[in-house]
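protein12.pdb (PDB, C-alpha atoms)
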ATOM      1  CA  MET A 192       4.377   5.831   2.715
ATOM      2  CA  ARG A 193       7.123   5.401   0.126
ATOM      3  CA  ALA A 194       4.584   4.266  -2.469
ATOM      4  CA  LEU A 195       2.470   7.355  -1.815
ATOM      5  CA  ARG A 196       5.516   9.573  -2.152
ATOM      6  CA  LEU A 197       6.474   7.949  -5.430
ATOM      7  CA  ILE A 198       2.934   8.230  -6.814
ATOM      8  CA  HIS A 199       3.277  11.962  -6.279
ATOM      9  CA  ALA A 200       6.735  11.880  -7.909
ATOM     10  CA  LEU A 201       8.406  13.408  -4.869
ATOM     11  CA  THR A 202      11.856  12.869  -3.462
ATOM     12  CA  GLN A 203      12.229  12.356   0.266
ATOM     13  CA  GLN A 204      13.553  15.909   0.527
ATOM     14  CA  GLN A 205      10.601  17.355  -1.373
ATOM     15  CA  LEU A 206       8.128  15.518   0.857
ATOM     16  CA  ALA A 207      10.031  16.629   3.936
ATOM     17  CA  ASP A 208       9.906  20.248   2.763
ATOM     18  CA  ARG A 209       6.166  20.066   2.041
ATOM     19  CA  ALA A 210       5.454  18.452   5.402
ATOM     20  CA  GLY A 211       7.793  20.666   7.419
ATOM     21  CA  LEU A 212       9.876  17.684   8.529
ATOM     22  CA  SER A 213      13.471  16.618   8.071
ATOM     23  CA  ARG A 214      14.510  14.231   5.326
ATOM     24  CA  ALA A 215      15.901  11.960   8.051
ATOM     25  CA  THR A 216      12.431  11.714   9.593
ATOM     26  CA  ILE A 217      10.900  10.733   6.246
ATOM     27  CA  THR A 218      13.618   8.120   5.755
ATOM     28  CA  GLN A 219      13.078   6.648   9.219
ATOM     29  CA  LEU A 220       9.318   6.508   8.735
ATOM     30  CA  GLU A 221       9.613   4.827   5.342
ATOM     31  CA  ARG A 222      11.987   2.219   6.751
ATOM     32  CA  GLY A 223       9.804   1.600   9.784
ATOM     33  CA  GLN A 224      12.616   2.661  12.080
ATOM     34  CA  ARG A 225      10.324   4.839  14.162
ATOM     35  CA  PRO A 226       6.607   4.898  14.776
ATOM     36  CA  PRO A 227       4.910   7.995  13.395
ATOM     37  CA  ARG A 228       3.562  10.510  15.903
ATOM     38  CA  PRO A 229       0.013  11.730  15.264
ATOM     39  CA  ASP A 230       1.168  15.238  14.336
ATOM     40  CA  THR A 231       3.711  13.786  11.913
ATOM     41  CA  VAL A 232       1.038  11.616  10.297
ATOM     42  CA  ARG A 233      -1.162  14.679   9.789
ATOM     43  CA  LYS A 234       1.691  16.673   8.247
ATOM     44  CA  VAL A 235       2.666  13.905   5.828
ATOM     45  CA  ALA A 236      -0.949  13.170   4.907
ATOM     46  CA  HIS A 237      -1.580  16.851   4.213
ATOM     47  CA  ALA A 238       1.595  17.089   2.117
ATOM     48  CA  LEU A 239       0.492  14.063   0.052
ATOM     49  CA  ASP A 240      -3.187  15.086  -0.037
ATOM     50  CA  VAL A 241      -4.366  11.756   1.386
ATOM     51  CA  PRO A 242      -6.311  10.827   4.527
ATOM     52  CA  PRO A 243      -4.141  10.258   7.620
ATOM     53  CA  MET A 244      -5.246   6.618   7.710
ATOM     54  CA  ALA A 245      -3.482   6.085   4.393
ATOM     55  CA  ILE A 246      -0.210   6.861   6.152
ATOM     56  CA  THR A 247      -0.784   4.821   9.305
ATOM     57  CA  LEU A 248      -2.462   1.802   7.750
ATOM     58  CA  GLY A 249      -0.801   1.763   4.373
ATOM     59  CA  ASN A 250      -4.114   0.955   2.712
ATOM     60  CA  TYR A 251      -4.077   3.703   0.129
ATOM     61  CA  GLN A 252      -5.246   2.675  -3.327
ATOM     62  CA  GLU A 253      -3.391   4.144  -6.267
ATOM     63  CA  PRO A 254      -5.495   6.419  -8.449
ATOM     64  CA  ARG A 255      -6.684   4.834 -11.704
ATOM     65  CA  ALA A 256      -4.546   7.343 -13.612
ATOM     66  CA  ALA A 257      -1.428   5.837 -12.039
ATOM     67  CA  TYR A 258      -2.352   2.446 -13.491
ATOM     68  CA  ALA A 259      -3.117   3.882 -16.900
ATOM     69  CA  THR A 260       0.160   5.769 -17.173
ATOM     70  CA  SER A 261       2.279   2.952 -15.792
ATOM     71  CA  GLY A 262       0.851   0.278 -18.074
ATOM     72  CA  ARG A 263      -0.405  -1.764 -15.123
ATOM     73  CA  GLY A 264      -4.098  -1.275 -15.778
TER
END

Taking this structure as input, can you express it in the form of structure tokens?
Amino acid sequence: MRALRLIHALTQQQLADRAGLSRATITQLERGQRPPRPDTVRKVAHALDVPPMAITLGNYQEPRAAYATSGRG
């Protein structure tokens, strides 16, 4: 989830605000300190404009533009 947040150039607080969650919740989810509830997954996915599976499975592929701008592609 952290990688997705960083791709979108968001701070934890900004993601929390977009998702309607607390920054502490985002921190705990990123650190794996708590399992995400289904409603939380939907909120975060919506805030990041990705499918919910990208949050739960961590299988999201970075957009090609991210590679081009970062010099990795």

Fill in: Pro227 of chain A surroundings by all atoms listed in the file, 12 Å radius, close-in-sequence under 3 positions cut, as a PyMOL selection string
chain A and resi 192+212+216-224+230-236+243-244+246-248

Store the residues picked out above in a file with C-alpha atoms, as an mmCIF file, keeping the file's coordinate frame.
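Contents of the output file selection11.cif:
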data_model
loop_
_atom_site.group_PDB
_atom_site.id
_atom_site.type_symbol
_atom_site.label_atom_id
_atom_site.label_comp_id
_atom_site.auth_asym_id
_atom_site.auth_seq_id
_atom_site.Cartn_x
_atom_site.Cartn_y
_atom_site.Cartn_z
ATOM 1 C CA MET A 192 4.377 5.831 2.715
ATOM 2 C CA LEU A 212 9.876 17.684 8.529
ATOM 3 C CA THR A 216 12.431 11.714 9.593
ATOM 4 C CA ILE A 217 10.900 10.733 6.246
ATOM 5 C CA THR A 218 13.618 8.120 5.755
ATOM 6 C CA GLN A 219 13.078 6.648 9.219
ATOM 7 C CA LEU A 220 9.318 6.508 8.735
ATOM 8 C CA GLU A 221 9.613 4.827 5.342
ATOM 9 C CA ARG A 222 11.987 2.219 6.751
ATOM 10 C CA GLY A 223 9.804 1.600 9.784
ATOM 11 C CA GLN A 224 12.616 2.661 12.080
ATOM 12 C CA ASP A 230 1.168 15.238 14.336
ATOM 13 C CA THR A 231 3.711 13.786 11.913
ATOM 14 C CA VAL A 232 1.038 11.616 10.297
ATOM 15 C CA ARG A 233 -1.162 14.679 9.789
ATOM 16 C CA LYS A 234 1.691 16.673 8.247
ATOM 17 C CA VAL A 235 2.666 13.905 5.828
ATOM 18 C CA ALA A 236 -0.949 13.170 4.907
ATOM 19 C CA PRO A 243 -4.141 10.258 7.620
ATOM 20 C CA MET A 244 -5.246 6.618 7.710
ATOM 21 C CA ILE A 246 -0.210 6.861 6.152
ATOM 22 C CA THR A 247 -0.784 4.821 9.305
ATOM 23 C CA LEU A 248 -2.462 1.802 7.750
#

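Taking atom CA of Leu195 of chain A as the reference point, atom CA of Gly211 of chain A is found at 17.1 Å.
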
Any chance you could work out the axis-aligned box around segment 201-204 of chain A, listed atoms only, 5 Å on each side, giving centre and edge lengths in Å to one decimal, as JSON?
{"center_x": 11.0, "center_y": 14.1, "center_z": -2.2, "size_x": 15.1, "size_y": 13.6, "size_z": 15.4}

Worksheet entry | Nearby residues, (11.1, 17.2, 1.9) file frame, 10 Å, only C-alpha atoms, as a ChimeraX atom specification | /A:201-217,235,238
